[in-house]
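Asks: My structure is in input35.txt, and what it holds is compact mmCIF, C-alpha atoms and all ligand atoms:
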```txt
# COMPACT_ATOMS: atom_id res chain seq x y z
CA MET Y 1 -59.14 71.31 19.92
CA LYS Y 2 -55.38 71.41 20.04
CA TYR Y 3 -53.85 68.30 21.56
CA ASN Y 4 -50.95 68.88 23.91
CA LEU Y 5 -49.06 67.04 26.57
CA PHE Y 6 -51.46 68.20 29.28
CA ASP Y 7 -54.52 66.76 27.53
CA ALA Y 8 -52.78 63.44 26.94
CA PRO Y 9 -54.47 60.59 28.73
CA SER Y 10 -52.62 59.31 31.77
CA ALA Y 11 -51.35 55.74 31.76
CA GLY Y 12 -54.37 54.66 33.82
CA ALA Y 13 -56.90 56.55 31.73
CA SER Y 14 -55.64 55.07 28.46
CA ASP Y 15 -56.63 51.61 29.74
CA ARG Y 16 -60.25 52.70 29.70
CA GLU Y 17 -61.90 52.16 26.31
CA PRO Y 18 -65.41 53.54 25.96
CA MET Y 19 -67.56 51.12 23.90
CA VAL Y 20 -70.91 52.88 23.57
CA GLU Y 21 -72.88 55.15 25.90
CA GLY Y 22 -73.01 53.38 29.25
CA ALA Y 23 -70.40 50.72 28.43
CA VAL Y 24 -66.64 50.64 28.92
CA LEU Y 25 -63.81 48.18 28.52
CA LEU Y 26 -61.25 48.34 31.34
CA ARG Y 27 -58.14 46.70 29.95
CA GLY Y 28 -56.17 44.67 32.49
CA LYS Y 29 -58.38 45.79 35.37
CA ALA Y 30 -58.54 42.31 36.94
CA LEU Y 31 -54.79 41.67 36.89
CA ALA Y 32 -54.26 43.13 40.35
CA PHE Y 33 -56.87 40.67 41.66
CA GLU Y 34 -55.58 37.65 39.76
CA HIS Y 35 -54.27 35.56 42.65
CA ASP Y 36 -57.31 36.10 44.88
CA LEU Y 37 -59.76 35.46 42.03
CA PHE Y 38 -58.23 32.09 41.21
CA SER Y 39 -58.02 30.87 44.78
CA ALA Y 40 -61.66 31.89 45.29
CA LEU Y 41 -62.62 30.06 42.09
CA THR Y 42 -61.05 26.84 43.34
CA THR Y 43 -63.07 27.04 46.54
CA ILE Y 44 -66.29 27.68 44.61
CA THR Y 45 -65.88 24.86 42.10
CA GLU Y 46 -65.05 22.37 44.86
CA ARG Y 47 -68.44 23.06 46.44
CA ALA Y 48 -70.47 23.80 43.33
CA PRO Y 49 -68.83 22.05 40.37
CA LEU Y 50 -69.05 23.44 36.85
CA ARG Y 51 -71.84 21.83 34.89
CA HIS Y 52 -73.38 22.03 31.42
CA MET Y 53 -76.89 23.27 32.02
CA ILE Y 54 -79.79 22.18 29.83
CA THR Y 55 -81.76 24.99 28.21
CA PRO Y 56 -85.57 25.10 28.46
CA GLY Y 57 -85.57 23.95 24.81
CA GLY Y 58 -83.67 20.78 25.77
CA PHE Y 59 -80.21 21.70 24.49
CA THR Y 60 -77.05 21.15 26.51
CA MET Y 61 -75.13 24.43 26.81
CA SER Y 62 -71.63 24.32 25.35
CA VAL Y 63 -70.48 26.57 28.15
CA ALA Y 64 -70.05 25.05 31.63
CA LYS Y 65 -71.29 27.22 34.47
CA THR Y 66 -71.50 27.47 38.17
CA ASN Y 67 -72.56 30.18 40.61
CA CYS Y 68 -71.80 31.82 43.88
CA GLY Y 69 -73.56 34.41 46.01
CA ARG Y 70 -77.15 34.61 47.16
CA ALA Y 71 -78.61 34.09 43.72
CA GLY Y 72 -77.42 31.51 41.21
CA TRP Y 73 -78.57 31.54 37.61
CA VAL Y 74 -80.16 28.24 36.66
CA THR Y 75 -82.04 26.85 33.71
CA HIS Y 76 -85.46 25.42 34.23
CA ARG Y 77 -88.15 23.85 32.07
CA ALA Y 78 -90.03 27.15 32.17
CA GLY Y 79 -87.04 29.37 31.43
CA TYR Y 80 -84.12 30.88 33.28
CA ARG Y 81 -84.14 32.17 36.80
CA TYR Y 82 -82.08 32.95 39.88
CA GLU Y 83 -82.21 30.54 42.78
CA ALA Y 84 -80.64 30.48 46.24
CA PHE Y 85 -79.94 26.73 46.10
CA ASP Y 86 -77.86 24.58 43.80
CA PRO Y 87 -80.30 22.16 42.13
CA GLU Y 88 -77.54 19.50 41.93
CA ASN Y 89 -77.16 19.15 45.70
CA GLY Y 90 -79.82 21.34 47.32
CA ARG Y 91 -77.23 23.42 49.16
CA GLN Y 92 -76.83 27.18 49.10
CA TRP Y 93 -74.39 28.44 46.50
CA PRO Y 94 -70.93 29.18 47.93
CA ASP Y 95 -70.54 32.67 49.37
CA MET Y 96 -69.51 35.49 47.06
CA PRO Y 97 -65.75 35.84 47.65
CA THR Y 98 -64.44 39.20 48.83
CA ALA Y 99 -62.12 39.48 45.81
CA PHE Y 100 -65.15 39.27 43.47
CA LEU Y 101 -66.96 41.92 45.47
CA ARG Y 102 -63.99 44.26 45.53
CA LEU Y 103 -63.26 43.92 41.82
CA ALA Y 104 -66.93 44.32 40.85
CA ARG Y 105 -67.26 47.41 42.97
CA GLU Y 106 -64.08 49.03 41.72
CA ALA Y 107 -64.76 48.27 38.06
CA ALA Y 108 -68.36 49.49 38.28
CA SER Y 109 -67.25 52.67 39.95
CA ASP Y 110 -64.49 53.24 37.33
CA ALA Y 111 -67.24 52.92 34.73
CA GLY Y 112 -69.43 55.47 36.48
CA TYR Y 113 -71.67 53.15 38.52
CA PRO Y 114 -70.77 53.72 42.17
CA ASP Y 115 -71.85 51.47 45.04
CA PHE Y 116 -72.37 48.38 42.95
CA ILE Y 117 -72.84 45.21 45.00
CA PRO Y 118 -73.10 42.00 42.99
CA ASP Y 119 -75.00 39.06 44.34
CA ALA Y 120 -74.72 36.46 41.61
CA ASN Y 121 -72.10 35.27 39.14
CA ARG Y 122 -71.29 32.46 36.84
CA TYR Y 123 -68.23 31.40 34.94
CA VAL Y 124 -67.58 29.53 31.83
CA PRO Y 125 -64.62 27.66 30.34
CA GLY Y 126 -64.63 27.30 26.61
CA ALA Y 127 -67.41 27.18 24.09
CA ARG Y 128 -69.50 30.06 22.80
CA LEU Y 129 -72.39 32.25 23.72
CA THR Y 130 -74.87 33.20 21.05
CA LEU Y 131 -76.14 36.77 20.91
CA HIS Y 132 -78.37 37.39 23.93
CA GLN Y 133 -79.54 40.01 26.40
CA ASP Y 134 -78.94 39.71 30.15
CA LYS Y 135 -82.48 40.27 31.34
CA ASN Y 136 -83.24 37.77 34.10
CA GLU Y 137 -82.26 40.30 36.78
CA ARG Y 138 -84.87 42.22 38.72
CA ASP Y 139 -83.51 45.72 38.30
CA PHE Y 140 -81.75 46.94 35.18
CA ASP Y 141 -80.45 50.03 36.99
CA HIS Y 142 -77.47 47.92 38.08
CA PRO Y 143 -74.70 47.32 35.54
CA ILE Y 144 -73.19 43.99 34.46
CA VAL Y 145 -69.48 43.57 35.26
CA SER Y 146 -67.83 40.88 33.18
CA VAL Y 147 -64.28 39.65 33.86
CA SER Y 148 -62.23 37.76 31.27
CA LEU Y 149 -59.52 35.34 32.35
CA GLY Y 150 -57.33 33.01 30.32
CA LEU Y 151 -57.60 32.54 26.56
CA PRO Y 152 -58.65 35.56 24.52
CA ALA Y 153 -62.14 35.64 23.03
CA VAL Y 154 -63.99 37.77 20.52
CA PHE Y 155 -66.82 39.57 22.30
CA ARG Y 156 -69.66 40.91 20.16
CA PHE Y 157 -71.52 43.93 21.42
CA GLY Y 158 -74.64 44.84 19.49
CA GLY Y 159 -77.72 46.96 19.92
CA LEU Y 160 -81.12 46.73 21.57
CA LYS Y 161 -82.42 44.55 18.76
CA ARG Y 162 -80.85 41.25 17.78
CA SER Y 163 -80.53 42.43 14.18
CA ALA Y 164 -78.54 45.59 15.02
CA PRO Y 165 -74.91 45.79 13.87
CA VAL Y 166 -72.30 44.46 16.31
CA ALA Y 167 -68.89 45.80 17.30
CA LYS Y 168 -66.20 43.22 18.07
CA TYR Y 169 -63.67 43.41 20.88
CA THR Y 170 -60.95 40.91 21.66
CA LEU Y 171 -61.08 40.36 25.41
CA LYS Y 172 -57.85 39.22 27.00
CA HIS Y 173 -56.76 37.90 30.37
CA GLY Y 174 -57.57 40.55 32.98
CA ASP Y 175 -59.91 42.66 30.86
CA VAL Y 176 -63.15 43.81 32.44
CA THR Y 177 -66.21 45.08 30.58
CA VAL Y 178 -68.95 47.01 32.33
CA TRP Y 179 -72.29 47.73 30.70
CA GLY Y 180 -75.20 49.55 32.25
CA GLY Y 181 -77.45 52.56 31.78
CA ALA Y 182 -78.42 53.03 28.15
CA SER Y 183 -76.39 49.95 27.16
CA ARG Y 184 -77.69 47.56 29.83
CA LEU Y 185 -79.97 45.56 27.53
CA ARG Y 186 -77.75 45.48 24.48
CA TYR Y 187 -77.37 42.13 22.77
CA HIS Y 188 -73.95 40.55 23.20
CA GLY Y 189 -72.21 37.23 22.70
CA VAL Y 190 -68.90 35.43 22.45
CA ASP Y 191 -67.57 33.74 19.29
CA ILE Y 192 -66.43 30.13 19.32
CA LEU Y 193 -63.29 29.98 21.42
CA LYS Y 194 -60.14 29.18 19.47
CA ASP Y 195 -57.78 26.51 20.77
CA GLY Y 196 -54.81 27.81 22.66
CA GLU Y 197 -52.77 27.57 25.78
CA HIS Y 198 -52.72 30.32 28.38
CA PRO Y 199 -49.97 30.38 31.03
CA VAL Y 200 -52.47 30.87 33.84
CA THR Y 201 -55.61 28.93 32.80
CA GLY Y 202 -54.28 26.42 30.27
CA SER Y 203 -56.69 25.55 27.46
CA VAL Y 204 -59.74 27.48 28.72
CA ARG Y 205 -61.28 30.90 29.06
CA ILE Y 206 -63.00 31.77 32.28
CA ASN Y 207 -65.58 34.50 32.48
CA LEU Y 208 -66.95 35.93 35.70
CA THR Y 209 -70.21 37.74 35.20
CA LEU Y 210 -70.93 39.83 38.27
CA ARG Y 211 -74.32 41.36 38.60
CA ARG Y 212 -76.99 42.43 41.01
CA ALA Y 213 -79.68 39.83 40.42
CA LEU Y 214 -82.19 40.50 43.22
C1 LIG Y 301 -68.35 36.83 28.18
N1 LIG Y 301 -70.57 36.65 29.01
O1 LIG Y 301 -68.16 35.63 28.41
C2 LIG Y 301 -69.73 37.38 28.14
N2 LIG Y 301 -73.97 36.55 29.94
O2 LIG Y 301 -67.43 37.61 27.91
C3 LIG Y 301 -71.89 36.85 28.98
O3 LIG Y 301 -72.42 37.58 28.18
C4 LIG Y 301 -72.72 36.17 29.90
O4 LIG Y 301 -70.98 34.77 30.72
C5 LIG Y 301 -74.82 35.96 30.74
C6 LIG Y 301 -74.41 34.98 31.55
C7 LIG Y 301 -73.11 34.56 31.55
C8 LIG Y 301 -72.23 35.17 30.72
FE FE Y 302 -74.49 38.01 28.78
```
Please render this file's structure as structure tokens.
Replies:
Amino acid sequence: MKYNLFDAPSAGASDREPMVEGAVLLRGKALAFEHDLFSALTTITERAPLRHMITPGGFTMSVAKTNCGRAGWVTHRAGYRYEAFDPENGRQWPDMPTAFLRLAREAASDAGYPDFIPDANRYVPGARLTLHQDKNERDFDHPIVSVSLGLPAVFRFGGLKRSAPVAKYTLKHGDVTVWGGASRLRYHGVDILKDGEHPVTGSVRINLTLRRAL
């Protein structure tokens, strides 16, 4: 097909990078929400501090996590699960902030998943995440919306088997990835974070993973 001015992607559309069927990378999508996201994060971590969870196998996770919303992801001797209460203090997780809800909904809808309402999230300064599937949620019809803030990280996006080849994407401050549909159970991970200094977050990367858990 002949390419002309009228087929050229608009400024907005060019910020949308398809990854594989069902998955897109929305560059800079979170920037408009930056201020509200960070003030909400402060409120959450005051009530539910970041902590290094212990895996069922007895290892301390290099990533520090916390949760908000009705369902918080926790590790447990028997595995991983979502729970309404913070095991550290027995209180409910802090409410899901409106800014998280709005961003999750907008990003999911940009990616072709309308009416997405997240009810759990966790966020993680530093460290690395080995290749894994997000599969502790009840219903895989809902996509995962993942927001990157602060230092850049190399995100690996693989296939439905751990051994499948992976594509690598450098995720920067404000980038949002959405994966659902045919890509919902793809293996993914984050390489060891390189040292650096970001004007907004300092020496860390923060990731908000917004999902419908229940
Ligand atoms: C990321 N995060 O940090 C990708 N998955 O860009 C994840 O894959 C992830 O942060 C499950 C739970 C928390 C996460
Ligand atoms: Fe994940």
Asks: Can you tell me, as a list in words, what residues are no more than 12 Å from Ala182 (chain Y) when counting only C-alpha atoms, ignoring any on the same chain fewer than 4 positions away?
Replies: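 In the requested form, the answer reads Met19, Val20, Glu21, Gly22, Ala23, Phe140, Asp141, His142, Pro143, Gly159, Leu160, Val178 and Arg186 of chain Y.
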Asks: I'd like the neighbourhood of region 31-34 of chain Y as a ChimeraX atom specification, where a residue qualifies if any of its atoms comes within 7 Å (using all atoms listed in the file), though same-chain residues fewer than 3 positions away should be ignored.
Replies: /Y:28,37-38,99,174
Asks: Give me the residues of region 158-206 of chain Y that have any atom at most 12 Å from an atom of region 124-139 of chain Y; for each, the nearest atom pair and the distance in Å, rounded to one decimal. Use all atoms listed in the file, sort by chain and number, and format it as a tab-separated table.
Replies:
```
residue	atom	partner	partner_atom	distance
Y:Gly158	CA	Y:Leu131	CA	8.3
Y:Gly159	CA	Y:Gln133	CA	9.7
Y:Leu160	CA	Y:Gln133	CA	8.4
Y:Lys161	CA	Y:Gln133	CA	9.3
Y:Arg162	CA	Y:Leu131	CA	7.2
Y:Ser163	CA	Y:Leu131	CA	9.8
Y:Ala164	CA	Y:Leu131	CA	10.9
Y:Pro165	CA	Y:Leu131	CA	11.5
Y:Val166	CA	Y:Leu131	CA	9.7
Y:Trp179	CA	Y:Asp134	CA	10.4
Y:Gly180	CA	Y:Asp134	CA	10.7
Y:Gly181	CA	Y:Asp139	CA	11.2
Y:Ser183	CA	Y:Gln133	CA	10.5
Y:Arg184	CA	Y:Asp134	CA	8.0
Y:Leu185	CA	Y:Gln133	CA	5.7
Y:Arg186	CA	Y:Gln133	CA	6.1
Y:Tyr187	CA	Y:Gln133	CA	4.7
Y:His188	CA	Y:Leu131	CA	4.9
Y:Gly189	CA	Y:Leu131	CA	4.3
Y:Val190	CA	Y:Leu129	CA	4.9
Y:Asp191	CA	Y:Arg128	CA	5.4
Y:Ile192	CA	Y:Arg128	CA	4.6
Y:Leu193	CA	Y:Ala127	CA	5.7
Y:Lys194	CA	Y:Gly126	CA	8.6
Y:Asp195	CA	Y:Gly126	CA	9.0
Y:Gly196	CA	Y:Gly126	CA	10.6
Y:Glu197	CA	Y:Gly126	CA	11.9
Y:Thr201	CA	Y:Pro125	CA	9.4
Y:Gly202	CA	Y:Pro125	CA	10.4
Y:Ser203	CA	Y:Gly126	CA	8.2
Y:Val204	CA	Y:Pro125	CA	5.1
Y:Arg205	CA	Y:Pro125	CA	4.8
Y:Ile206	CA	Y:Pro125	CA	4.8
```
Asks: Just want the 12 Å neighbourhood of Pro49 (chain Y), counted on all atoms listed in the file, with same-chain residues fewer than 2 positions away dropped. Output as a PDB file with C-alpha atoms, in the coordinates of the input.
Replies:
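The result, stored in part24.pdb:
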```pdb
ATOM      1  CA  LEU Y  41     -62.620  30.060  42.090  1.00  0.00           C
ATOM      2  CA  THR Y  42     -61.050  26.840  43.340  1.00  0.00           C
ATOM      3  CA  THR Y  43     -63.070  27.040  46.540  1.00  0.00           C
ATOM      4  CA  ILE Y  44     -66.290  27.680  44.610  1.00  0.00           C
ATOM      5  CA  THR Y  45     -65.880  24.860  42.100  1.00  0.00           C
ATOM      6  CA  GLU Y  46     -65.050  22.370  44.860  1.00  0.00           C
ATOM      7  CA  ARG Y  47     -68.440  23.060  46.440  1.00  0.00           C
ATOM      8  CA  ARG Y  51     -71.840  21.830  34.890  1.00  0.00           C
ATOM      9  CA  HIS Y  52     -73.380  22.030  31.420  1.00  0.00           C
ATOM     10  CA  MET Y  53     -76.890  23.270  32.020  1.00  0.00           C
ATOM     11  CA  ALA Y  64     -70.050  25.050  31.630  1.00  0.00           C
ATOM     12  CA  LYS Y  65     -71.290  27.220  34.470  1.00  0.00           C
ATOM     13  CA  THR Y  66     -71.500  27.470  38.170  1.00  0.00           C
ATOM     14  CA  ASN Y  67     -72.560  30.180  40.610  1.00  0.00           C
ATOM     15  CA  CYS Y  68     -71.800  31.820  43.880  1.00  0.00           C
ATOM     16  CA  ASP Y  86     -77.860  24.580  43.800  1.00  0.00           C
ATOM     17  CA  PRO Y  87     -80.300  22.160  42.130  1.00  0.00           C
ATOM     18  CA  GLU Y  88     -77.540  19.500  41.930  1.00  0.00           C
ATOM     19  CA  ASN Y  89     -77.160  19.150  45.700  1.00  0.00           C
ATOM     20  CA  TRP Y  93     -74.390  28.440  46.500  1.00  0.00           C
ATOM     21  CA  PRO Y  94     -70.930  29.180  47.930  1.00  0.00           C
ATOM     22  CA  ARG Y 122     -71.290  32.460  36.840  1.00  0.00           C
ATOM     23  CA  TYR Y 123     -68.230  31.400  34.940  1.00  0.00           C
ATOM     24  CA  VAL Y 124     -67.580  29.530  31.830  1.00  0.00           C
TER      25      VAL Y 124
END
```
Asks: Between Y:Asp15, Y:Asp175, Y:Glu83, Y:Asp115, which has the minimum distance to ligand LIG 301 (chain Y) (counting only C-alpha atoms and all ligand atoms)?
Replies: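 Looking at the shortest contact to ligand LIG 301 (chain Y), the residue is Y:Asp175.
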Asks: Calculated over only C-alpha atoms, which of the candidates Y:Gly112, Y:Pro199, Y:Gly79, Y:Pro118 has the smallest distance to Pro97 (chain Y)?
Replies: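 Nearest to Pro97 (chain Y): Y:Pro118.
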Asks: Using all atoms listed in the file, which of the listed residues (Y:Ala108, Y:Thr170, Y:His76, Y:Leu149) sits closest to Val200 (chain Y)?
Replies: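 Counting all atoms listed in the file, the residue closest to Val200 (chain Y) is Y:Leu149.
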Asks: Between CA of Ala78 (chain Y) and CA of Leu210 (chain Y), what is the distance in Å, rounded to a tenth?
Replies: 23.7 Å
Asks: Calculated over only C-alpha atoms, which of the candidates Y:Gly150, Y:Ser62, Y:Ala48, Y:Tyr113 has the smallest distance to Arg91 (chain Y)?
Replies: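 For Arg91 (chain Y), the nearest of the candidates is Y:Ala48.
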Asks: Using only C-alpha atoms and all ligand atoms, can you tell me which of Y:Ile117, Y:Ala111, Y:Met61, Y:Ala84 comes closest to ligand LIG 301 (chain Y)?
Replies: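 Closest residue, counting only C-alpha atoms and all ligand atoms: Y:Met61.
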Asks: Counting only C-alpha atoms and all ligand atoms, which of Y:Thr55, Y:Arg212, Y:Ser148, Y:Tyr169 gets nearest to ligand LIG 301 (chain Y)?
Replies: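 Of all the options, Y:Ser148 lies closest to ligand LIG 301 (chain Y).
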